[in-house]
Every structure is written in C-alpha cells, then in structure tokens.
>>> print(open('my_file.csv').read())   # CSV, C-alpha atoms
chain,number,residue,atom,x,y,z
I,16,MET,CA,-154.3,-61.7,-99.8
I,17,LEU,CA,-151.2,-61.4,-97.6
I,18,PRO,CA,-151.0,-64.3,-95.1
I,19,ILE,CA,-151.2,-61.9,-92.1
I,20,ASN,CA,-154.0,-61.1,-89.7
I,21,TYR,CA,-155.1,-57.5,-90.2
I,22,CYS,CA,-158.2,-57.5,-88.0
I,23,ASN,CA,-156.8,-54.9,-85.7
I,24,LEU,CA,-155.7,-52.8,-88.6
I,25,ILE,CA,-159.1,-52.9,-90.2
I,26,HIS,CA,-160.8,-52.0,-86.9
I,27,THR,CA,-158.4,-49.1,-86.4
I,28,SER,CA,-159.0,-48.0,-89.9
I,29,GLN,CA,-162.7,-47.9,-89.5
I,30,THR,CA,-162.3,-45.9,-86.3
I,31,VAL,CA,-160.1,-43.3,-88.0
I,32,LYS,CA,-162.5,-43.2,-90.9
I,33,MET,CA,-165.5,-42.4,-88.6
I,34,SER,CA,-163.5,-39.8,-86.6
I,35,ASN,CA,-162.1,-38.0,-89.7
I,36,PRO,CA,-164.1,-38.6,-92.8
I,37,GLN,CA,-162.3,-35.8,-94.7
I,38,LEU,CA,-158.9,-37.6,-94.5
I,39,ARG,CA,-157.9,-38.2,-98.1
I,40,SER,CA,-154.9,-39.8,-99.9
I,41,ILE,CA,-153.1,-38.2,-102.8
I,42,ASN,CA,-155.4,-39.7,-105.5
I,43,GLY,CA,-158.5,-38.4,-103.7
I,44,GLU,CA,-159.4,-41.7,-102.1
I,45,ASN,CA,-160.0,-42.0,-98.3
I,46,ILE,CA,-156.6,-42.7,-96.8
I,47,VAL,CA,-157.9,-45.6,-94.7
I,48,ASP,CA,-159.4,-47.2,-97.8
I,49,ALA,CA,-156.2,-46.6,-99.7
I,50,LEU,CA,-154.2,-48.4,-97.0
I,51,THR,CA,-156.6,-51.2,-97.0
I,52,ASN,CA,-156.4,-51.6,-100.7
I,53,GLN,CA,-152.6,-51.2,-100.9
I,54,VAL,CA,-151.7,-53.4,-97.9
I,55,VAL,CA,-154.5,-55.7,-96.9
I,56,HIS,CA,-155.7,-56.4,-100.4
I,57,TYR,CA,-152.3,-56.4,-101.9
I,58,ASP,CA,-152.1,-57.0,-105.6
I,59,ILE,CA,-148.8,-56.7,-107.5
I,60,HIS,CA,-150.6,-55.3,-110.5
I,61,LYS,CA,-152.3,-52.5,-108.6
I,62,SER,CA,-150.4,-51.9,-105.3
I,63,LEU,CA,-147.2,-50.0,-104.7
I,64,PHE,CA,-146.8,-51.1,-101.1
I,65,ASP,CA,-144.2,-53.7,-102.2
I,66,ILE,CA,-141.8,-50.8,-103.2
I,67,VAL,CA,-142.0,-49.3,-99.7
I,68,LEU,CA,-141.6,-52.7,-98.2
I,69,LEU,CA,-138.5,-53.4,-100.4
I,70,ALA,CA,-136.9,-50.1,-99.3
I,71,GLY,CA,-137.5,-51.0,-95.7
I,72,CYS,CA,-135.9,-54.5,-96.1
I,73,ARG,CA,-132.9,-53.0,-97.9
I,74,PHE,CA,-132.5,-50.5,-95.1
I,75,ILE,CA,-132.6,-53.3,-92.4
I,76,LEU,CA,-130.1,-55.5,-94.3
I,77,LEU,CA,-127.6,-52.6,-94.7
I,78,ILE,CA,-127.8,-51.7,-91.1
I,79,LEU,CA,-127.4,-55.3,-90.0
I,80,PHE,CA,-124.3,-56.1,-92.1
I,81,TYR,CA,-122.5,-52.7,-92.1
I,82,ALA,CA,-123.5,-51.2,-88.8
I,83,ILE,CA,-124.0,-54.2,-86.5
I,84,CYS,CA,-121.9,-57.0,-88.2
I,85,TYR,CA,-119.3,-54.4,-89.3
I,86,ILE,CA,-118.6,-56.0,-92.7
I,87,HIS,CA,-116.2,-54.0,-94.9
I,88,HIS,CA,-117.2,-55.4,-98.3
I,89,TRP,CA,-119.2,-54.2,-101.3
I,90,ILE,CA,-121.0,-57.5,-101.9
I,91,ILE,CA,-124.0,-56.8,-99.6
I,92,ILE,CA,-124.8,-53.4,-101.2
I,93,ALA,CA,-124.2,-54.9,-104.6
I,94,LEU,CA,-126.8,-57.6,-103.9
I,95,THR,CA,-129.4,-55.3,-102.5
I,96,THR,CA,-129.0,-52.8,-105.3
I,97,THR,CA,-129.2,-55.6,-107.9
I,98,CYS,CA,-132.3,-57.1,-106.4
I,99,THR,CA,-133.9,-53.7,-106.1
I,100,CYS,CA,-133.3,-52.8,-109.7
I,101,VAL,CA,-134.5,-56.2,-111.0
I,102,PHE,CA,-137.7,-55.9,-108.9
I,103,LEU,CA,-138.4,-52.3,-110.0
I,104,ILE,CA,-137.9,-53.1,-113.7
I,105,SER,CA,-140.2,-56.0,-113.4
I,106,LYS,CA,-142.7,-53.9,-111.5
I,107,VAL,CA,-142.8,-51.4,-114.4
I,108,PHE,CA,-143.9,-54.1,-116.8
I,109,VAL,CA,-146.5,-55.9,-114.6
I,110,TYR,CA,-148.1,-52.8,-113.0
I,111,ASP,CA,-151.5,-51.7,-114.4
I,112,TRP,CA,-150.8,-48.1,-115.1
I,113,HIS,CA,-154.2,-47.5,-116.7
I,114,ALA,CA,-156.0,-48.4,-113.5
I,115,THR,CA,-154.8,-45.3,-111.7
I,116,GLU,CA,-155.7,-41.7,-112.1
I,117,GLN,CA,-152.4,-40.3,-110.6
I,118,GLN,CA,-149.7,-41.8,-112.7
I,119,VAL,CA,-147.2,-39.1,-111.9
I,120,PHE,CA,-147.1,-40.1,-108.2
I,121,GLN,CA,-146.6,-43.8,-109.1
I,122,VAL,CA,-143.8,-43.0,-111.6
I,123,LEU,CA,-142.1,-40.7,-109.1
I,124,LEU,CA,-142.2,-43.4,-106.4
I,125,VAL,CA,-140.6,-46.0,-108.7
I,126,LEU,CA,-137.9,-43.5,-109.9
I,127,THR,CA,-137.2,-42.4,-106.3
I,128,SER,CA,-136.7,-45.9,-105.1
I,129,PHE,CA,-134.4,-46.6,-108.1
I,130,VAL,CA,-132.3,-43.4,-107.5
I,131,LEU,CA,-132.1,-44.0,-103.7
I,132,SER,CA,-130.7,-47.6,-104.2
I,133,TRP,CA,-128.0,-46.4,-106.5
I,134,GLY,CA,-127.3,-43.4,-104.3
I,135,GLU,CA,-126.8,-45.7,-101.3
I,136,THR,CA,-124.3,-47.8,-103.4
I,137,TRP,CA,-122.3,-44.8,-104.4
I,138,PHE,CA,-122.2,-43.3,-100.9
I,139,LEU,CA,-121.1,-46.5,-99.3
I,140,ASP,CA,-118.6,-47.6,-101.9
I,141,TYR,CA,-117.0,-44.2,-102.5
I,142,ARG,CA,-117.4,-42.4,-99.2
I,143,VAL,CA,-118.1,-44.7,-96.2
I,144,LEU,CA,-115.9,-47.7,-96.8
I,145,PRO,CA,-112.8,-45.6,-98.0
I,146,GLN,CA,-113.1,-43.3,-95.0
I,147,GLU,CA,-113.4,-46.1,-92.5
I,148,LEU,CA,-110.4,-47.8,-94.1
I,149,GLN,CA,-108.4,-44.7,-93.9
I,150,ALA,CA,-109.4,-44.2,-90.3
I,151,SER,CA,-108.4,-47.7,-89.4
I,152,GLN,CA,-105.0,-47.2,-91.0
I,153,ILE,CA,-104.5,-44.1,-88.9
I,154,VAL,CA,-105.2,-46.0,-85.8
I,155,ILE,CA,-103.0,-48.9,-86.7
I,156,GLN,CA,-100.1,-46.7,-87.7
I,157,SER,CA,-100.3,-44.7,-84.4
I,158,PRO,CA,-96.8,-44.8,-83.0
I,159,GLU,CA,-95.9,-47.1,-80.0
I,160,SER,CA,-93.6,-44.5,-78.4
I,161,GLU,CA,-93.1,-42.8,-75.1
I,162,ARG,CA,-95.7,-40.2,-76.1
I,163,ALA,CA,-98.4,-42.8,-77.1
I,164,PRO,CA,-100.9,-44.3,-74.6
I,165,LEU,CA,-99.3,-47.1,-72.7
I,166,ILE,CA,-102.2,-49.5,-73.4
I,167,ASN,CA,-102.5,-48.5,-77.1
I,168,ARG,CA,-101.8,-52.0,-78.3
I,169,PHE,CA,-103.2,-53.7,-75.3
I,170,VAL,CA,-106.7,-52.5,-75.9
I,171,ARG,CA,-106.5,-53.9,-79.5
I,172,GLY,CA,-105.3,-57.3,-78.2
I,173,LEU,CA,-101.8,-56.8,-79.6
I,174,PRO,CA,-98.4,-57.3,-77.9
I,175,SER,CA,-97.1,-54.2,-76.2
I,176,MET,CA,-93.5,-53.5,-75.4
I,177,TYR,CA,-94.5,-51.5,-72.3
I,178,THR,CA,-96.8,-53.6,-70.1
I,179,GLU,CA,-98.4,-57.0,-70.0
I,180,SER,CA,-101.6,-55.8,-68.4
I,181,ILE,CA,-103.3,-52.6,-67.7
I,182,GLY,CA,-102.6,-53.2,-64.0
I,183,ASN,CA,-98.8,-52.9,-64.4
I,184,PHE,CA,-97.4,-49.4,-64.3
I,185,TYR,CA,-93.8,-48.5,-63.9
I,186,SER,CA,-91.9,-45.3,-63.6
I,187,PRO,CA,-90.4,-44.3,-67.0
I,188,LEU,CA,-86.7,-44.9,-67.6
I,189,GLN,CA,-84.4,-41.9,-67.8
I,190,SER,CA,-84.4,-40.3,-71.2
I,191,ALA,CA,-81.2,-40.3,-73.3
I,192,THR,CA,-79.3,-37.1,-73.8
I,193,ASN,CA,-80.9,-34.9,-76.5
I,194,SER,CA,-83.7,-37.5,-76.9
I,195,MET,CA,-86.2,-34.6,-77.1
I,196,TYR,CA,-85.0,-34.0,-80.7
I,197,HIS,CA,-85.5,-37.7,-81.8
I,198,PHE,CA,-89.0,-39.0,-82.2
I,199,ASP,CA,-90.1,-42.7,-82.6
I,200,VAL,CA,-92.6,-42.2,-85.4
I,201,GLY,CA,-93.4,-45.8,-86.3
I,202,PRO,CA,-93.4,-46.0,-90.1
I,203,SER,CA,-90.5,-44.0,-91.5
I,204,ASP,CA,-91.3,-40.5,-92.7
I,205,ARG,CA,-88.7,-41.0,-95.4
I,206,PHE,CA,-91.2,-42.8,-97.6
I,207,PRO,CA,-94.6,-41.2,-98.2
I,208,ALA,CA,-97.5,-43.4,-97.2
I,209,VAL,CA,-99.8,-44.6,-99.9
I,210,ASN,CA,-103.6,-44.8,-99.6
I,211,PHE,CA,-104.1,-48.3,-100.8
I,212,THR,CA,-107.5,-49.5,-101.9
I,213,ALA,CA,-109.2,-52.4,-100.2
I,214,ALA,CA,-108.2,-54.7,-103.0
I,215,GLU,CA,-104.6,-53.7,-102.8
I,216,ILE,CA,-104.6,-54.3,-99.0
I,217,SER,CA,-106.2,-57.6,-99.5
I,218,ASN,CA,-103.6,-58.6,-102.0
I,219,TYR,CA,-100.7,-57.7,-99.6
I,220,VAL,CA,-102.4,-59.6,-96.7
I,221,SER,CA,-102.9,-62.6,-99.1
I,222,GLN,CA,-99.1,-62.5,-99.9
I,223,GLY,CA,-98.3,-62.5,-96.3
I,224,GLU,CA,-100.6,-65.5,-95.6
I,225,THR,CA,-99.0,-67.4,-98.5
I,226,ALA,CA,-95.5,-66.7,-97.1
I,227,MET,CA,-96.6,-67.8,-93.7
I,228,ARG,CA,-98.0,-71.1,-95.0
I,229,GLU,CA,-95.0,-71.8,-97.2
I,230,SER,CA,-92.5,-71.0,-94.5
I,231,GLN,CA,-94.1,-73.5,-92.2
I,232,GLU,CA,-93.8,-76.1,-94.9
I,233,PHE,CA,-90.0,-75.3,-95.2
I,234,LEU,CA,-89.6,-75.7,-91.4
I,235,ASN,CA,-91.5,-79.0,-91.3
I,236,SER,CA,-89.4,-80.5,-94.1
I,237,PRO,CA,-87.5,-83.7,-93.1
I,238,ASN,CA,-84.7,-82.9,-95.7
I,239,TRP,CA,-82.7,-80.4,-93.7
I,240,LYS,CA,-79.0,-81.2,-93.7
I,241,LYS,CA,-76.5,-79.9,-91.1
I,242,SER,CA,-74.0,-77.4,-92.5
I,243,LYS,CA,-72.1,-76.1,-89.4
I,244,ALA,CA,-72.5,-75.9,-85.6
I,245,GLU,CA,-71.0,-73.5,-83.1
I,246,GLY,CA,-71.9,-74.6,-79.5
I,247,ASP,CA,-75.7,-74.8,-79.3
I,248,ASP,CA,-76.2,-72.8,-82.6
I,249,ILE,CA,-76.8,-75.0,-85.6
I,250,VAL,CA,-77.1,-73.9,-89.3
I,251,GLU,CA,-78.7,-76.3,-91.7
I,252,TRP,CA,-79.5,-76.1,-95.4
I,253,LEU,CA,-82.3,-77.3,-97.7
I,254,GLN,CA,-82.6,-77.5,-101.4
I,255,PRO,CA,-86.3,-77.6,-102.2
I,256,ALA,CA,-85.7,-78.6,-105.9
I,257,PRO,CA,-82.7,-80.1,-107.8
I,258,LYS,CA,-81.8,-76.8,-109.4
I,259,ALA,CA,-83.2,-74.4,-106.8
I,260,ARG,CA,-81.0,-72.3,-104.6
I,261,LYS,CA,-80.2,-73.5,-101.1
I,262,ILE,CA,-82.2,-72.3,-98.1
I,263,PHE,CA,-80.5,-71.9,-94.7
I,264,LYS,CA,-81.9,-72.4,-91.2
I,265,LEU,CA,-80.4,-71.2,-88.0
I,266,THR,CA,-81.6,-72.8,-84.7
I,267,SER,CA,-80.5,-71.2,-81.4
I,268,VAL,CA,-81.5,-70.6,-77.8
I,269,VAL,CA,-81.5,-67.0,-76.6
I,270,ASN,CA,-81.9,-65.6,-73.1
I,271,ILE,CA,-85.0,-63.5,-73.6
I,272,PRO,CA,-88.7,-64.1,-73.3
I,273,PRO,CA,-90.5,-64.8,-76.6
I,274,LYS,CA,-92.7,-61.7,-76.3
I,275,TYR,CA,-89.8,-59.3,-76.0
I,276,LEU,CA,-87.8,-60.9,-78.9
I,277,PHE,CA,-90.8,-60.7,-81.1
I,278,GLU,CA,-91.3,-57.0,-80.3
I,279,GLU,CA,-87.6,-56.3,-81.1
I,280,LEU,CA,-87.7,-58.1,-84.4
I,281,PHE,CA,-91.0,-56.9,-85.7
I,282,TYR,CA,-91.9,-53.5,-84.2
I,283,ARG,CA,-88.4,-52.1,-83.7
I,284,VAL,CA,-87.2,-52.9,-87.2
I,285,GLU,CA,-85.7,-49.4,-87.6
I,286,THR,CA,-83.3,-49.9,-84.7
I,287,MET,CA,-81.8,-53.1,-86.1
I,288,PRO,CA,-78.7,-51.4,-87.7
I,289,GLU,CA,-77.7,-50.3,-84.2
I,290,TRP,CA,-76.9,-53.9,-83.2
I,291,ASN,CA,-76.7,-55.8,-86.5
I,292,PRO,CA,-73.6,-54.7,-88.5
I,293,ALA,CA,-74.9,-56.6,-91.6
I,294,LEU,CA,-77.5,-53.8,-92.0
I,295,MET,CA,-76.7,-50.3,-93.0
I,296,GLU,CA,-80.3,-49.0,-93.0
I,297,SER,CA,-83.7,-50.4,-92.0
I,298,TYR,CA,-87.1,-48.7,-92.3
I,299,ARG,CA,-90.7,-49.6,-91.7
I,300,VAL,CA,-92.2,-48.2,-94.9
I,301,GLN,CA,-95.9,-48.7,-94.3
I,302,VAL,CA,-98.3,-50.6,-92.1
I,303,ILE,CA,-100.8,-52.7,-94.0
I,304,ASP,CA,-102.8,-54.0,-91.1
I,305,GLU,CA,-102.2,-55.0,-87.5
I,306,HIS,CA,-100.3,-58.1,-88.5
I,307,THR,CA,-98.7,-57.0,-91.8
I,308,ASP,CA,-96.3,-54.3,-92.9
I,309,ILE,CA,-93.7,-53.4,-95.6
I,310,SER,CA,-90.1,-52.8,-94.6
I,311,TYR,CA,-87.0,-51.6,-96.6
I,312,GLN,CA,-83.5,-52.6,-95.7
I,313,ILE,CA,-80.0,-52.0,-97.1
I,314,SER,CA,-77.3,-54.5,-96.3
I,315,ALA,CA,-73.7,-53.8,-95.8
I,316,ASN,CA,-70.9,-55.3,-97.9
I,317,GLY,CA,-70.3,-59.0,-97.1
I,318,ALA,CA,-67.9,-61.8,-97.5
I,319,ARG,CA,-64.9,-59.4,-96.9
I,320,GLY,CA,-66.0,-57.2,-99.8
I,321,ALA,CA,-66.8,-60.0,-102.2
I,322,VAL,CA,-70.5,-59.2,-102.0
I,323,SER,CA,-71.5,-55.6,-102.4
I,324,SER,CA,-74.4,-53.8,-100.7
I,325,ARG,CA,-78.0,-54.9,-101.6
I,326,ASP,CA,-81.4,-53.4,-100.8
I,327,PHE,CA,-84.6,-55.4,-100.1
I,328,ILE,CA,-88.3,-54.6,-100.0
I,329,ASN,CA,-90.0,-57.1,-97.7
I,330,LEU,CA,-93.6,-57.8,-96.9
I,331,ARG,CA,-93.8,-59.1,-93.3
I,332,GLN,CA,-96.6,-60.8,-91.5
I,333,TRP,CA,-96.8,-62.2,-87.9
I,334,LYS,CA,-99.1,-64.5,-86.1
I,335,ARG,CA,-99.5,-65.8,-82.5
I,336,LEU,CA,-98.7,-69.4,-81.9
I,337,GLU,CA,-99.6,-71.5,-78.9
I,338,ASP,CA,-96.1,-71.3,-77.6
I,339,GLY,CA,-94.7,-68.2,-79.3
I,340,TYR,CA,-94.7,-66.1,-82.5
I,341,ALA,CA,-94.0,-66.6,-86.2
I,342,ILE,CA,-92.9,-63.8,-88.5
I,343,ALA,CA,-93.0,-64.6,-92.2
I,344,SER,CA,-91.4,-62.4,-94.9
I,345,VAL,CA,-91.1,-62.3,-98.7
I,346,SER,CA,-90.1,-59.7,-101.3
I,347,THR,CA,-92.7,-57.4,-102.5
I,348,SER,CA,-93.1,-53.9,-104.1
I,349,HIS,CA,-94.2,-50.5,-102.9
I,350,PRO,CA,-95.1,-47.4,-105.0
I,351,SER,CA,-92.7,-45.3,-102.9
I,352,LEU,CA,-89.8,-47.6,-103.7
I,353,ASN,CA,-90.3,-48.2,-107.4
I,354,ASP,CA,-87.0,-46.4,-108.2
I,355,LYS,CA,-84.0,-48.6,-107.5
I,356,ASN,CA,-81.2,-47.4,-105.3
I,357,VAL,CA,-78.3,-46.5,-107.6
I,358,LYS,CA,-75.8,-47.2,-104.9
I,359,CYS,CA,-76.7,-50.9,-104.5
I,360,ILE,CA,-78.2,-53.9,-106.3
I,361,ARG,CA,-81.9,-54.8,-105.6
I,362,GLY,CA,-81.9,-58.2,-104.0
I,363,GLU,CA,-84.9,-60.5,-103.7
I,364,ASN,CA,-86.0,-62.5,-100.7
I,365,GLY,CA,-87.9,-65.7,-101.1
I,366,VAL,CA,-90.2,-67.0,-98.5
I,367,GLY,CA,-88.5,-66.9,-95.1
I,368,CYS,CA,-89.4,-66.6,-91.5
I,369,TRP,CA,-88.4,-66.1,-87.8
I,370,MET,CA,-89.9,-68.6,-85.4
I,371,ILE,CA,-89.9,-67.7,-81.7
I,372,ARG,CA,-91.0,-70.5,-79.3
I,373,ALA,CA,-91.1,-70.6,-75.6
I,374,ILE,CA,-89.2,-73.1,-73.5
I,375,PRO,CA,-91.6,-74.6,-70.8
I,376,THR,CA,-88.8,-75.1,-68.3
I,377,ASP,CA,-87.3,-71.6,-68.7
I,378,PRO,CA,-89.8,-68.7,-69.2
I,379,ASN,CA,-86.9,-66.2,-69.6
I,380,SER,CA,-85.5,-67.9,-72.7
I,381,CYS,CA,-86.8,-69.0,-76.1
I,382,VAL,CA,-85.9,-71.1,-79.1
I,383,PHE,CA,-85.1,-68.8,-82.1
I,384,VAL,CA,-85.3,-70.3,-85.6
I,385,TRP,CA,-84.4,-68.2,-88.7
I,386,VAL,CA,-85.1,-69.4,-92.2
I,387,LEU,CA,-83.0,-67.4,-94.8
I,388,ASN,CA,-84.1,-67.6,-98.4
I,389,THR,CA,-82.5,-64.9,-100.4
I,390,ASP,CA,-81.3,-64.2,-103.9
I,391,LEU,CA,-78.6,-61.5,-104.0
I,392,LYS,CA,-78.7,-61.2,-107.8
I,393,GLY,CA,-75.5,-60.6,-109.8
I,394,TRP,CA,-72.8,-63.1,-110.6
I,395,ILE,CA,-71.5,-64.5,-107.4
I,396,ASN,CA,-69.7,-67.8,-106.9
I,397,SER,CA,-72.2,-70.2,-105.1
I,398,THR,CA,-69.5,-71.6,-102.8
I,399,ILE,CA,-68.5,-68.2,-101.6
I,400,LEU,CA,-72.1,-67.2,-101.2
I,401,GLU,CA,-73.0,-70.2,-99.1
I,402,VAL,CA,-70.1,-69.7,-96.8
I,403,ALA,CA,-70.9,-66.1,-96.4
I,404,PHE,CA,-74.6,-66.9,-95.5
I,405,VAL,CA,-73.5,-69.4,-92.9
I,406,ASN,CA,-71.0,-67.0,-91.3
I,407,MET,CA,-73.5,-64.2,-91.4
I,408,MET,CA,-76.1,-66.2,-89.6
I,409,PHE,CA,-73.7,-67.0,-86.8
I,410,ASP,CA,-72.6,-63.4,-86.6
I,411,TYR,CA,-76.3,-62.4,-86.4
I,412,ILE,CA,-77.1,-64.5,-83.4
I,413,LYS,CA,-73.9,-63.3,-81.6
I,414,ASN,CA,-74.8,-59.7,-82.1
I,415,LEU,CA,-78.4,-60.4,-81.1
I,416,ARG,CA,-77.2,-61.9,-77.8
I,417,LYS,CA,-75.0,-58.9,-77.2
I,418,TYR,CA,-77.9,-56.6,-77.8
I,419,ILE,CA,-80.1,-58.6,-75.4
I,420,THR,CA,-77.4,-58.3,-72.7
I,421,LYS,CA,-77.4,-54.5,-73.2
I,422,LEU,CA,-81.2,-54.4,-72.9
I,423,ARG,CA,-81.0,-56.2,-69.6
I,424,GLN,CA,-78.3,-53.9,-68.3
I,425,THR,CA,-80.4,-50.8,-69.2
I,426,GLY,CA,-83.5,-52.3,-67.6
I,427,ARG,CA,-85.6,-52.6,-70.7
I,428,ILE,CA,-85.9,-56.4,-70.0
I,429,LEU,CA,-86.6,-57.3,-66.4
>>> encode(input="my_file.csv", output="structure tokens")
Amino acid sequence: MLPINYCNLIHTSQTVKMSNPQLRSINGENIVDALTNQVVHYDIHKSLFDIVLLAGCRFILLILFYAICYIHHWIIIALTTTCTCVFLISKVFVYDWHATEQQVFQVLLVLTSFVLSWGETWFLDYRVLPQELQASQIVIQSPESERAPLINRFVRGLPSMYTESIGNFYSPLQSATNSMYHFDVGPSDRFPAVNFTAAEISNYVSQGETAMRESQEFLNSPNWKKSKAEGDDIVEWLQPAPKARKIFKLTSVVNIPPKYLFEELFYRVETMPEWNPALMESYRVQVIDEHTDISYQISANGARGAVSSRDFINLRQWKRLEDGYAIASVSTSHPSLNDKNVKCIRGENGVGCWMIRAIPTDPNSCVFVWVLNTDLKGWINSTILEVAFVNMMFDYIKNLRKYITKLRQTGRIL
C-alpha cells in the first residue's frame, strides 16, 4: 500500500463506476477498478503506474534544472536517463508478465518510456544546448558600435563605453570623414569564427582563470627589484626561479578614470596600433564569453632593429575589482591561427596582466600596473632584451598618456 490517503479517490471512483458502468480499460477491466489496482493497491510485480510516475518525475526535474535554474550541463539529463534505464531494466525482471492478459500493451509502455528517455537525452545534448550556446555567442559578440543599442552592455551588467546609466543620454559626436565606409565590427572579420564546443569554451575560461590567479601571485610577490624610474613611472623586475626569465612590472599614474582605461585596453584592442608604435597589427579574433576573448597581435621591430617582428596569440580575461579592474593574459592557440606568419617569429607570452585601480582622492585618475612576461624566442642577448623591455614599457606609458590627452580633446572622455 502507498502511504497516501486515497479516500477521496475511491469515493470518486465509485461515483464514476455507478454513473458509467460501461467504462472499460484496455485489458477489458473497468477503468476505475484498474486505477484502484494500479495506484491504490500498488505492487511492483503487477502495477505499471511506477513507469508513468517515473516519466513525470523526470519531466519535472528537467524543467526545474534546464528551464528554471537554466543549467547548461549534460549531467542532469545523464543522471535522469541512467536512473530511468536502470529502473526499466529492473522492472522487466521483477514484473509478473504471466499475470496479465495484454502483454503487448505492457511491453509497449516499457519500450516507449525507454525510447523517450534516450530521445530526450539526444535532443537536449545535440540540439538544445548547442543552439543555446550558439545564440549566447551571437549576443556576446554583438558589436559595441555607433549602430548598436547604447545600453547593449549595460543591460548585461557589463561596462559600456557610451553611458554609465540608462538615464544619461548625450548627442552623438561628429562622425569622421568617410566614416560611413568603416565599420566597428567587434571581433575581426579577418579570422573566421569557430563554433567551439562547451568543453572547449570551458577549457579557455579555465586557462583565463588560471592566468588571473597566477598574475595576482606575481603582483603580490615581495621579491620585486627596482630596475629604472622616470618621474613617477617605475619599472621593476622579478625572477620567479633561479633559471627562469625575468618578469617586468611597470607602475604609473595616468589621468583617466579606471573604467575608461579598462574599455580602451580590453574592448578597443584593434585600435591599439593607432597610438602604440610597438604594435603593427592588433585584432580581436574571437569572443569566448563576456569576460574572455582571444586576440592576435604583431609587434614592430624593436631595440633599434636588433629584435625583429613577432606575433602573439593571447587569451585575455578580465574581472571587476572593488577599486578597479584586472585584465590577465597568456599565450594560447586558435584554429584560425594555426599557420604561423612567415613574415615574423611566433612569440609566447607567459602569465601577465594589466591592473587598473582607482585613486580615492582623484576619481579622474588611476594607478596603472602592467606585468610583462614574454618570450620572444630566437637567439637574443639577454642584456639587450632586458634593456629593450624596460625602454619599451616607458615608451608605452608615454604613448598612452598622449592618447588619453587626445581623447579628452575630442570629447570622448569628459
């Protein structure tokens, strides 16, 4: 007996039986008696009500986790399908098939439940989840341009280069000459986007999280040693291990709010060559998620021609801090960039980062920290290389300040 009070059900069943004595079930039994035997007097050896109940429970669980909780993982459907199959196989062995006259109906019910559970698994894993993932990628990769909605990023809780709140609206700036022929398309059209699987996306995100964690460890190390200073700009170096290459850190104060500097460094990566002569080309190859992307950059010749051009494939990930932003980066790979550039050597960036922190006493300025950890490959004298890195970092901050001044003059920073 099931531990449920079925008095009302029995009373209703008797009323239906009296009002319609000809109502019969599939096996010829009165339908009210059949329901009573299957539900009220449940017996695993003679009743098939548990199969219907199992299907209902599976339906409720799938709706709860995938439609309400919005979980994008196959583990739930895998567990429900496994439990269903185990129960159905056990049911086949314990059910008393000789006690029923309509064995075809019972067999069809078991087979139907088995097929439905596997059909749900196939449909969710091969149709629903991939399509939802593709749709989210389209939304994430939507361009933040003059033609995109002004609150596109705001409604997703992300920084926006256009407005700080939906209540602030300004007249657009004058368009540049021939700007109608140049479009801000977000990820570069030069590299075809790849439809990554959920596992590949998770792997990229995990790489970014590891780079973010390790970059924080570098920043918090007490072993930094001063290399050179120019005014308030300081470059330090750190050697994590006795035979490891040196890592360099630039610390400066720049006259720009943290939010705007973050947007320039992360979202406007393709405009960097316009103000940074150390870069010849810079592209945003593909967006992984709202905090992670892959970029491709080609550096110019350095150290007065002693260091030839290099190209880099970087995985970048940002996160919001209490007083600013952090952008971590590390070398990675991308299917569209498997072939090396014949015009330059493929360099490799270790874990590095940009740290942008607000200054409480000056909301229009911020502390900018850059950790450079790169391997240019090739045979280059370490002394020449270290001097080149230090000078390049000072040149970088000088060019960045010039660019910020230009932004203020054009009204892009108020």
>>> residues_around(input="my_file.csv", residues="Pro273 in chain I", least_positions_apart="6", cutoff="7 Å", atoms="all atoms listed in the file", output="ChimeraX atom specification")
/I:339,371-373,381
>>> residues_around(input="my_file.csv", residues="Phe74 in chain I", least_positions_apart="5", cutoff="12 Å", atoms="all atoms listed in the file", output="list in words")
Val67, Leu68, Leu69, Leu79, Phe80, Tyr81, Ala82, Ile91, Ile92, Thr95, Thr96, Thr99, Ser128, Leu131, Ser132, Glu135 and Thr136 of chain I
>>> atom_distance(input="my_file.csv", atom1="CA of Phe383 in chain I", atom2="CA of Trp369 in chain I")
7.1 Å
>>> residues_around(input="my_file.csv", residues="Met407 in chain I", least_positions_apart="4", cutoff="10 Å", atoms="all atoms listed in the file", output="MDAnalysis selection string")
chainID I and resid 292:293 317:318 401:403 411:413
>>> closest_residue(input="my_file.csv", among="I:Arg73, I:Tyr418, I:Gln222, I:Val384", to="Ser346 in chain I", atoms="only C-alpha atoms")
I:Gln222
>>> closest_residue(input="my_file.csv", among="I:Tyr275, I:Trp252, I:Phe327, I:Phe409", to="Val386 in chain I", atoms="only C-alpha atoms")
I:Trp252
>>> atom_distance(input="my_file.csv", atom1="CA of Met227 in chain I", atom2="CA of Glu278 in chain I")
18.0 Å
>>> atom_distance(input="my_file.csv", atom1="CA of Ile419 in chain I", atom2="CA of Phe233 in chain I")
27.7 Å
>>> closest_residue(input="my_file.csv", among="I:Val322, I:Ile342, I:Ile78, I:Ile66", to="Leu126 in chain I", atoms="only C-alpha atoms")
I:Ile66
>>> closest_residue(input="my_file.csv", among="I:Asp354, I:Glu116, I:Glu279, I:Glu229", to="Pro255 in chain I", atoms="all atoms listed in the file")
I:Glu229
>>> residues_near_point(input="my_file.csv", point="(-75.1, -53.9, -104.6)", cutoff="7 Å", atoms="all atoms listed in the file", output="PyMOL selection string")
chain I and resi 323-325+358-361
>>> residues_around(input="my_file.csv", residues="Arg205 in chain I", least_positions_apart="5", cutoff="12 Å", atoms="all atoms listed in the file", output="PyMOL selection string")
chain I and resi 200+285+296-301+310-311+351-352
>>> closest_residue(input="my_file.csv", among="I:Met287, I:Val47, I:Pro350, I:Lys392", to="Asp326 in chain I", atoms="all atoms listed in the file")
I:Lys392
>>> closest_residue(input="my_file.csv", among="I:Ile59, I:Ser267, I:Leu276, I:Gln146", to="Asp111 in chain I", atoms="all atoms listed in the file")
I:Ile59
